[in-house]
Amino acid sequence: MSVEPEYAWPRPPAGGYTAEDLDRIPDLPPHTELIDGSLVFVSPQTAFHARAMRLLENRLLQAAPPELDVFREMTVTLGKRDRPEPDVVVVRAEALTRLRQTGFRPEDVVLAVEVVSDDSEARDRETKPRKYAAAGIPHFWRVEAGEGEDGAASPVAYVFELEPATRTYAVTGIHHERLKTDVPFPVDIDLTAVARRV
């Protein structure tokens with residue numbers, strides 16, 4: 001009977017990891033992020049999370065002008081010790097320079113979107129938006145599973161825009177069934193579609 005070797009968790013160097021380390025550390029779990037020099041591993045995602053990401057990616061891709069592109073789960077290097085992975089990101093099309101690329105620079109990002117999970121509430125509501133704003137990313141959306149009248153998950157989208165003088169986000173809308181906005185480009189998303197296969 002063979003015994004599988006126990007997984008050897010990476011040991012952080014003095015001072016923590018850097019953004020470049022994320023591509024070099026072997027055998028990291030998928031979608032590992034770097035926040036404040038620490039590796040952040042994600043829990044298995046819920047069906048709500050998976051469907052919300054798919055809905056947002058598809059609708060943004062349909063609506064985006066040709067000079068922009070849309071990606072799911074690609075990292076953004078915000079600084080030496082921060083490389084978070086937004087659930088969906090809209091970038092300038094020229095930011096993609098090769099197909100083996102694993103992330104983008106904040107100046108290439110037009111919109112970062114986080115779909116909140118139980119294990120990521122604090123990061124998605126506080127840490128990551130603060131860091132995205134400080135890096136100058138002009139638009140941020142946070143999508144959460146609210147509760148509809150029938151008790152089923154009903155998405156709520158919080159839309160933010162960067163206030164450039166303070167480098168903080170200001171909320172510009174809270175959307176319950178339909179997310180319709182003209183910035184960063186016109187888009188109209190039926191949020192209730194998260195309950196259906198789309």
# chains A, B, ... in the order shown; residues from 1 in each chain; ligands from 1
call {"tool": "closest_atom_pairs", "arguments": {"of": "stretch 101-182 of chain A", "to": "stretch 32-46 of chain A", "cutoff": "12 Å", "atoms": "only C-alpha atoms", "output": "JSON lines"}}
result
{"residue": "A:Thr102", "atom": "CA", "partner": "A:Glu33", "partner_atom": "CA", "distance": 11.9}
{"residue": "A:Gly103", "atom": "CA", "partner": "A:Glu33", "partner_atom": "CA", "distance": 11.3}
{"residue": "A:Val115", "atom": "CA", "partner": "A:Gln45", "partner_atom": "CA", "distance": 10.4}
{"residue": "A:Val116", "atom": "CA", "partner": "A:Gln45", "partner_atom": "CA", "distance": 10.3}
{"residue": "A:Ser117", "atom": "CA", "partner": "A:Gln45", "partner_atom": "CA", "distance": 7.6}
{"residue": "A:Asp118", "atom": "CA", "partner": "A:Ser43", "partner_atom": "CA", "distance": 9.1}
{"residue": "A:Asp119", "atom": "CA", "partner": "A:Ser43", "partner_atom": "CA", "distance": 7.1}
{"residue": "A:Ser120", "atom": "CA", "partner": "A:Val42", "partner_atom": "CA", "distance": 8.2}
{"residue": "A:Glu121", "atom": "CA", "partner": "A:Val42", "partner_atom": "CA", "distance": 12.0}
{"residue": "A:Arg123", "atom": "CA", "partner": "A:Ile35", "partner_atom": "CA", "distance": 9.1}
{"residue": "A:Asp124", "atom": "CA", "partner": "A:Ile35", "partner_atom": "CA", "distance": 11.7}
{"residue": "A:Thr127", "atom": "CA", "partner": "A:Ile35", "partner_atom": "CA", "distance": 8.6}
{"residue": "A:Lys128", "atom": "CA", "partner": "A:Ile35", "partner_atom": "CA", "distance": 8.5}
{"residue": "A:Arg130", "atom": "CA", "partner": "A:Ile35", "partner_atom": "CA", "distance": 11.9}
{"residue": "A:Lys131", "atom": "CA", "partner": "A:Ile35", "partner_atom": "CA", "distance": 9.5}
{"residue": "A:Tyr132", "atom": "CA", "partner": "A:Ile35", "partner_atom": "CA", "distance": 11.8}
{"residue": "A:Ala145", "atom": "CA", "partner": "A:Thr46", "partner_atom": "CA", "distance": 10.7}
{"residue": "A:Ala153", "atom": "CA", "partner": "A:Thr46", "partner_atom": "CA", "distance": 11.5}
call {"tool": "closest_atom_pairs", "arguments": {"of": "stretch 38-155 of chain A", "to": "stretch 175-186 of chain A", "cutoff": "12 Å", "atoms": "only C-alpha atoms", "output": "Markdown table"}}
result
| residue | atom | partner | partner_atom | distance |
| --- | --- | --- | --- | --- |
| A:Leu55 | CA | A:Leu179 | CA | 11.7 |
| A:Leu56 | CA | A:Leu179 | CA | 10.2 |
| A:Arg59 | CA | A:Leu179 | CA | 10.7 |
| A:Leu60 | CA | A:Phe185 | CA | 9.2 |
| A:Leu61 | CA | A:Phe185 | CA | 11.2 |
| A:Gln62 | CA | A:Pro186 | CA | 10.6 |
| A:Ala63 | CA | A:Pro186 | CA | 6.9 |
| A:Ala64 | CA | A:Phe185 | CA | 6.8 |
| A:Pro65 | CA | A:Phe185 | CA | 7.7 |
| A:Pro66 | CA | A:Phe185 | CA | 11.3 |
| A:Glu67 | CA | A:Phe185 | CA | 11.2 |
| A:Leu68 | CA | A:Phe185 | CA | 9.8 |
| A:Val89 | CA | A:Pro184 | CA | 12.0 |
| A:Val90 | CA | A:Pro184 | CA | 9.3 |
| A:Val91 | CA | A:Pro184 | CA | 10.8 |
| A:Arg92 | CA | A:Pro184 | CA | 11.6 |
| A:Val109 | CA | A:Pro184 | CA | 10.9 |
| A:Val110 | CA | A:Pro184 | CA | 7.1 |
| A:Leu111 | CA | A:Pro184 | CA | 7.4 |
| A:Ala112 | CA | A:Pro184 | CA | 10.9 |
| A:Ile137 | CA | A:Pro184 | CA | 11.2 |
| A:Pro138 | CA | A:Pro184 | CA | 8.4 |
| A:His139 | CA | A:Pro184 | CA | 7.1 |
| A:Phe140 | CA | A:Pro184 | CA | 9.9 |
| A:Trp141 | CA | A:Leu179 | CA | 10.4 |
| A:Arg142 | CA | A:His175 | CA | 10.5 |
| A:Val143 | CA | A:His175 | CA | 9.3 |
| A:Glu144 | CA | A:His176 | CA | 9.9 |
| A:Ala145 | CA | A:His176 | CA | 10.0 |
| A:Gly146 | CA | A:His176 | CA | 8.4 |
| A:Glu147 | CA | A:His176 | CA | 10.1 |
| A:Gly148 | CA | A:His176 | CA | 9.4 |
| A:Ala153 | CA | A:His176 | CA | 11.2 |
| A:Ser154 | CA | A:His176 | CA | 7.5 |
| A:Pro155 | CA | A:His176 | CA | 6.3 |
call {"tool": "write_last_selection", "arguments": {"atoms": "N, CA and C atoms", "output": "JSON list (two decimals), in the first residue's frame"}}
result
[["chain", "number", "residue", "atom", "x", "y", "z"],
["A", 55, "LEU", "N", -21.55, 35.27, -15.11],
["A", 55, "LEU", "CA", -22.50, 36.27, -15.59],
["A", 55, "LEU", "C", -21.79, 37.60, -15.84],
["A", 56, "LEU", "N", -21.01, 38.05, -14.86],
["A", 56, "LEU", "CA", -20.34, 39.35, -14.99],
["A", 56, "LEU", "C", -19.31, 39.33, -16.12],
["A", 59, "ARG", "N", -21.28, 39.30, -19.57],
["A", 59, "ARG", "CA", -21.98, 40.55, -19.89],
["A", 59, "ARG", "C", -20.98, 41.70, -20.12],
["A", 60, "LEU", "N", -19.93, 41.74, -19.33],
["A", 60, "LEU", "CA", -18.91, 42.79, -19.53],
["A", 60, "LEU", "C", -18.21, 42.59, -20.87],
["A", 61, "LEU", "N", -17.92, 41.35, -21.22],
["A", 61, "LEU", "CA", -17.25, 41.06, -22.50],
["A", 61, "LEU", "C", -18.13, 41.47, -23.67],
["A", 62, "GLN", "N", -19.45, 41.23, -23.55],
["A", 62, "GLN", "CA", -20.38, 41.62, -24.62],
["A", 62, "GLN", "C", -20.46, 43.13, -24.78],
["A", 63, "ALA", "N", -20.36, 43.85, -23.66],
["A", 63, "ALA", "CA", -20.57, 45.30, -23.69],
["A", 63, "ALA", "C", -19.29, 46.11, -23.88],
["A", 64, "ALA", "N", -18.13, 45.51, -23.60],
["A", 64, "ALA", "CA", -16.87, 46.27, -23.63],
["A", 64, "ALA", "C", -16.52, 46.72, -25.04],
["A", 65, "PRO", "N", -16.05, 47.96, -25.18],
["A", 65, "PRO", "CA", -15.58, 48.43, -26.48],
["A", 65, "PRO", "C", -14.30, 47.69, -26.88],
["A", 66, "PRO", "N", -13.92, 47.72, -28.16],
["A", 66, "PRO", "CA", -12.78, 46.94, -28.64],
["A", 66, "PRO", "C", -11.45, 47.26, -27.96],
["A", 67, "GLU", "N", -11.32, 48.46, -27.43],
["A", 67, "GLU", "CA", -10.04, 48.83, -26.79],
["A", 67, "GLU", "C", -9.89, 48.27, -25.37],
["A", 68, "LEU", "N", -10.92, 47.56, -24.89],
["A", 68, "LEU", "CA", -10.87, 46.95, -23.57],
["A", 68, "LEU", "C", -11.05, 45.44, -23.68],
["A", 89, "VAL", "N", -11.83, 41.27, -14.11],
["A", 89, "VAL", "CA", -11.10, 42.51, -14.30],
["A", 89, "VAL", "C", -11.26, 42.97, -15.75],
["A", 90, "VAL", "N", -11.45, 44.28, -15.93],
["A", 90, "VAL", "CA", -11.50, 44.88, -17.26],
["A", 90, "VAL", "C", -10.21, 45.68, -17.42],
["A", 91, "VAL", "N", -9.49, 45.37, -18.51],
["A", 91, "VAL", "CA", -8.19, 46.02, -18.74],
["A", 91, "VAL", "C", -8.13, 46.62, -20.13],
["A", 92, "ARG", "N", -7.17, 47.49, -20.32],
["A", 92, "ARG", "CA", -6.90, 48.00, -21.65],
["A", 92, "ARG", "C", -6.40, 46.83, -22.51],
["A", 109, "VAL", "N", -5.67, 48.55, -15.55],
["A", 109, "VAL", "CA", -6.99, 48.09, -15.09],
["A", 109, "VAL", "C", -7.98, 49.25, -15.07],
["A", 110, "VAL", "N", -9.14, 49.03, -15.68],
["A", 110, "VAL", "CA", -10.21, 50.01, -15.72],
["A", 110, "VAL", "C", -11.25, 49.70, -14.65],
["A", 111, "LEU", "N", -11.49, 48.41, -14.42],
["A", 111, "LEU", "CA", -12.51, 47.96, -13.46],
["A", 111, "LEU", "C", -12.06, 46.67, -12.80],
["A", 112, "ALA", "N", -12.14, 46.62, -11.48],
["A", 112, "ALA", "CA", -11.90, 45.38, -10.73],
["A", 112, "ALA", "C", -13.22, 44.99, -10.07],
["A", 137, "ILE", "N", -6.92, 52.41, -9.50],
["A", 137, "ILE", "CA", -7.88, 51.71, -10.37],
["A", 137, "ILE", "C", -9.20, 52.50, -10.32],
["A", 138, "PRO", "N", -9.67, 53.01, -11.46],
["A", 138, "PRO", "CA", -10.78, 53.98, -11.43],
["A", 138, "PRO", "C", -12.15, 53.45, -11.03],
["A", 139, "HIS", "N", -12.42, 52.16, -11.26],
["A", 139, "HIS", "CA", -13.75, 51.63, -10.97],
["A", 139, "HIS", "C", -13.65, 50.31, -10.22],
["A", 140, "PHE", "N", -14.57, 50.10, -9.27],
["A", 140, "PHE", "CA", -14.61, 48.88, -8.48],
["A", 140, "PHE", "C", -16.06, 48.48, -8.26],
["A", 141, "TRP", "N", -16.36, 47.19, -8.45],
["A", 141, "TRP", "CA", -17.68, 46.65, -8.14],
["A", 141, "TRP", "C", -17.52, 45.55, -7.10],
["A", 142, "ARG", "N", -18.44, 45.51, -6.15],
["A", 142, "ARG", "CA", -18.48, 44.42, -5.17],
["A", 142, "ARG", "C", -19.86, 43.78, -5.28],
["A", 143, "VAL", "N", -19.89, 42.48, -5.50],
["A", 143, "VAL", "CA", -21.16, 41.76, -5.66],
["A", 143, "VAL", "C", -21.31, 40.79, -4.51],
["A", 144, "GLU", "N", -22.48, 40.85, -3.87],
["A", 144, "GLU", "CA", -22.74, 39.98, -2.72],
["A", 144, "GLU", "C", -24.05, 39.23, -2.92],
["A", 145, "ALA", "N", -24.17, 38.10, -2.23],
["A", 145, "ALA", "CA", -25.40, 37.32, -2.28],
["A", 145, "ALA", "C", -26.34, 37.86, -1.21],
["A", 146, "GLY", "N", -27.23, 38.74, -1.63],
["A", 146, "GLY", "CA", -28.26, 39.20, -0.72],
["A", 146, "GLY", "C", -29.33, 38.13, -0.61],
["A", 147, "GLU", "N", -30.41, 38.43, 0.05],
["A", 147, "GLU", "CA", -31.48, 37.45, 0.18],
["A", 147, "GLU", "C", -32.77, 38.04, -0.35],
["A", 148, "GLY", "N", -33.38, 37.34, -1.32],
["A", 148, "GLY", "CA", -34.63, 37.78, -1.91],
["A", 148, "GLY", "C", -35.81, 37.48, -1.00],
["A", 153, "ALA", "N", -30.84, 33.30, -2.81],
["A", 153, "ALA", "CA", -29.77, 34.27, -3.01],
["A", 153, "ALA", "C", -30.16, 35.24, -4.12],
["A", 154, "SER", "N", -30.06, 36.51, -3.84],
["A", 154, "SER", "CA", -30.39, 37.56, -4.80],
["A", 154, "SER", "C", -29.22, 38.54, -4.81],
["A", 155, "PRO", "N", -28.46, 38.61, -5.90],
["A", 155, "PRO", "CA", -27.26, 39.43, -5.92],
["A", 155, "PRO", "C", -27.52, 40.91, -5.69]]
call {"tool": "select_by_dssp", "arguments": {"residues": "chain A", "states": "helix (DSSP H, G or I)", "output": "ChimeraX atom specification"}}
result
/A:21-24,47-63,93-95,106-108,118-134,191-195
call {"tool": "write_last_selection", "arguments": {"atoms": "N, CA and C atoms", "output": "tab-separated table (two decimals), in the first residue's frame"}}
result
chain	number	residue	atom	x	y	z
A	21	ASP	N	7.48	36.45	-6.51
A	21	ASP	CA	7.52	35.10	-5.96
A	21	ASP	C	6.31	34.28	-6.36
A	22	LEU	N	5.18	34.92	-6.58
A	22	LEU	CA	3.94	34.20	-6.85
A	22	LEU	C	4.05	33.31	-8.08
A	23	ASP	N	4.85	33.71	-9.07
A	23	ASP	CA	5.04	32.90	-10.27
A	23	ASP	C	6.11	31.84	-10.10
A	24	ARG	N	6.91	31.94	-9.03
A	24	ARG	CA	8.05	31.03	-8.87
A	24	ARG	C	7.84	29.93	-7.83
A	47	ALA	N	-21.74	27.79	-5.71
A	47	ALA	CA	-22.38	27.92	-7.02
A	47	ALA	C	-22.71	29.39	-7.29
A	48	PHE	N	-23.13	30.13	-6.24
A	48	PHE	CA	-23.41	31.56	-6.42
A	48	PHE	C	-22.18	32.28	-6.94
A	49	HIS	N	-21.04	32.03	-6.32
A	49	HIS	CA	-19.80	32.70	-6.70
A	49	HIS	C	-19.43	32.37	-8.15
A	50	ALA	N	-19.50	31.10	-8.50
A	50	ALA	CA	-19.15	30.68	-9.86
A	50	ALA	C	-20.09	31.30	-10.90
A	51	ARG	N	-21.39	31.27	-10.61
A	51	ARG	CA	-22.35	31.82	-11.57
A	51	ARG	C	-22.26	33.34	-11.67
A	52	ALA	N	-22.04	34.00	-10.54
A	52	ALA	CA	-21.91	35.46	-10.56
A	52	ALA	C	-20.69	35.87	-11.39
A	53	MET	N	-19.57	35.18	-11.21
A	53	MET	CA	-18.38	35.49	-12.00
A	53	MET	C	-18.64	35.28	-13.49
A	54	ARG	N	-19.28	34.16	-13.82
A	54	ARG	CA	-19.56	33.86	-15.23
A	54	ARG	C	-20.49	34.91	-15.83
A	55	LEU	N	-21.55	35.27	-15.11
A	55	LEU	CA	-22.50	36.27	-15.59
A	55	LEU	C	-21.79	37.60	-15.84
A	56	LEU	N	-21.01	38.05	-14.86
A	56	LEU	CA	-20.34	39.35	-14.99
A	56	LEU	C	-19.31	39.33	-16.12
A	57	GLU	N	-18.52	38.27	-16.19
A	57	GLU	CA	-17.53	38.18	-17.27
A	57	GLU	C	-18.20	38.22	-18.63
A	58	ASN	N	-19.24	37.40	-18.82
A	58	ASN	CA	-19.91	37.35	-20.12
A	58	ASN	C	-20.55	38.67	-20.50
A	59	ARG	N	-21.28	39.30	-19.57
A	59	ARG	CA	-21.98	40.55	-19.89
A	59	ARG	C	-20.98	41.70	-20.12
A	60	LEU	N	-19.93	41.74	-19.33
A	60	LEU	CA	-18.91	42.79	-19.53
A	60	LEU	C	-18.21	42.59	-20.87
A	61	LEU	N	-17.92	41.35	-21.22
A	61	LEU	CA	-17.25	41.06	-22.50
A	61	LEU	C	-18.13	41.47	-23.67
A	62	GLN	N	-19.45	41.23	-23.55
A	62	GLN	CA	-20.38	41.62	-24.62
A	62	GLN	C	-20.46	43.13	-24.78
A	63	ALA	N	-20.36	43.85	-23.66
A	63	ALA	CA	-20.57	45.30	-23.69
A	63	ALA	C	-19.29	46.11	-23.88
A	93	ALA	N	-6.90	46.69	-23.73
A	93	ALA	CA	-6.58	45.53	-24.57
A	93	ALA	C	-5.08	45.38	-24.79
A	94	GLU	N	-4.38	46.50	-24.91
A	94	GLU	CA	-2.94	46.41	-25.18
A	94	GLU	C	-2.14	45.90	-23.98
A	95	ALA	N	-2.80	45.77	-22.82
A	95	ALA	CA	-2.10	45.27	-21.64
A	95	ALA	C	-1.76	43.79	-21.76
A	106	PRO	N	-1.65	47.87	-12.32
A	106	PRO	CA	-2.86	48.62	-11.97
A	106	PRO	C	-3.21	49.71	-12.98
A	107	GLU	N	-2.22	50.30	-13.63
A	107	GLU	CA	-2.51	51.35	-14.61
A	107	GLU	C	-3.21	50.81	-15.86
A	108	ASP	N	-3.19	49.49	-16.05
A	108	ASP	CA	-3.89	48.88	-17.17
A	108	ASP	C	-5.33	48.51	-16.84
A	118	ASP	N	-17.93	33.85	1.86
A	118	ASP	CA	-17.91	33.87	3.32
A	118	ASP	C	-16.49	34.03	3.85
A	119	ASP	N	-15.52	33.38	3.22
A	119	ASP	CA	-14.15	33.43	3.73
A	119	ASP	C	-13.39	34.67	3.27
A	120	SER	N	-14.00	35.48	2.40
A	120	SER	CA	-13.28	36.64	1.87
A	120	SER	C	-13.96	37.98	2.17
A	121	GLU	N	-14.94	37.98	3.07
A	121	GLU	CA	-15.71	39.21	3.34
A	121	GLU	C	-14.81	40.40	3.66
A	122	ALA	N	-13.93	40.26	4.64
A	122	ALA	CA	-13.09	41.39	5.06
A	122	ALA	C	-12.15	41.82	3.94
A	123	ARG	N	-11.57	40.86	3.23
A	123	ARG	CA	-10.67	41.21	2.12
A	123	ARG	C	-11.42	41.92	1.01
A	124	ASP	N	-12.61	41.40	0.63
A	124	ASP	CA	-13.35	41.96	-0.50
A	124	ASP	C	-14.05	43.28	-0.17
A	125	ARG	N	-14.42	43.47	1.10
A	125	ARG	CA	-15.12	44.69	1.49
A	125	ARG	C	-14.17	45.80	1.93
A	126	GLU	N	-13.03	45.46	2.47
A	126	GLU	CA	-12.14	46.47	3.06
A	126	GLU	C	-10.75	46.47	2.45
A	127	THR	N	-10.01	45.38	2.61
A	127	THR	CA	-8.58	45.36	2.23
A	127	THR	C	-8.37	45.59	0.75
A	128	LYS	N	-8.99	44.79	-0.08
A	128	LYS	CA	-8.72	44.88	-1.52
A	128	LYS	C	-9.22	46.19	-2.13
A	129	PRO	N	-10.45	46.65	-1.82
A	129	PRO	CA	-10.87	47.95	-2.39
A	129	PRO	C	-9.94	49.10	-1.98
A	130	ARG	N	-9.48	49.08	-0.73
A	130	ARG	CA	-8.57	50.13	-0.28
A	130	ARG	C	-7.28	50.11	-1.10
A	131	LYS	N	-6.77	48.92	-1.35
A	131	LYS	CA	-5.53	48.78	-2.12
A	131	LYS	C	-5.76	49.11	-3.60
A	132	TYR	N	-6.90	48.70	-4.16
A	132	TYR	CA	-7.20	49.04	-5.56
A	132	TYR	C	-7.29	50.56	-5.73
A	133	ALA	N	-7.96	51.21	-4.79
A	133	ALA	CA	-8.10	52.67	-4.87
A	133	ALA	C	-6.75	53.37	-4.74
A	134	ALA	N	-5.94	52.93	-3.80
A	134	ALA	CA	-4.62	53.54	-3.60
A	134	ALA	C	-3.74	53.37	-4.84
A	191	LEU	N	-29.12	41.01	-12.90
A	191	LEU	CA	-28.48	40.29	-11.80
A	191	LEU	C	-29.24	39.04	-11.40
A	192	THR	N	-30.54	39.01	-11.66
A	192	THR	CA	-31.32	37.83	-11.29
A	192	THR	C	-30.93	36.61	-12.14
A	193	ALA	N	-30.22	36.84	-13.24
A	193	ALA	CA	-29.79	35.74	-14.11
A	193	ALA	C	-28.80	34.82	-13.41
A	194	VAL	N	-28.25	35.25	-12.28
A	194	VAL	CA	-27.33	34.38	-11.54
A	194	VAL	C	-28.03	33.09	-11.08
A	195	ALA	N	-29.34	33.13	-11.01
A	195	ALA	CA	-30.11	31.95	-10.58
A	195	ALA	C	-30.37	30.99	-11.74
call {"tool": "select_by_dssp", "arguments": {"residues": "stretch 37-147 of chain A", "states": "strand (DSSP E)", "output": "count of residues only"}}
result
33
call {"tool": "residues_around", "arguments": {"residues": "A:Pro10", "least_positions_apart": "3", "cutoff": "10 Å", "atoms": "only C-alpha atoms", "output": "ChimeraX atom specification"}}
result
/A:7,13,25-28,39
call {"tool": "residues_around", "arguments": {"residues": "A:Val171", "least_positions_apart": "2", "cutoff": "8 Å", "atoms": "only C-alpha atoms", "output": "JSON, numbers by chain"}}
result
{"A": [158, 159, 160, 161, 169, 173, 174]}
call {"tool": "atom_distance", "arguments": {"atom1": "atom CA of A:Val113", "atom2": "atom CA of A:Val88"}}
result
5.0 Å
call {"tool": "atom_distance", "arguments": {"atom1": "atom CA of A:Glu85", "atom2": "atom CA of A:Gly15"}}
result
21.2 Å
call {"tool": "atom_distance", "arguments": {"atom1": "atom CA of A:Thr75", "atom2": "atom CA of A:Asp188"}}
result
25.6 Å
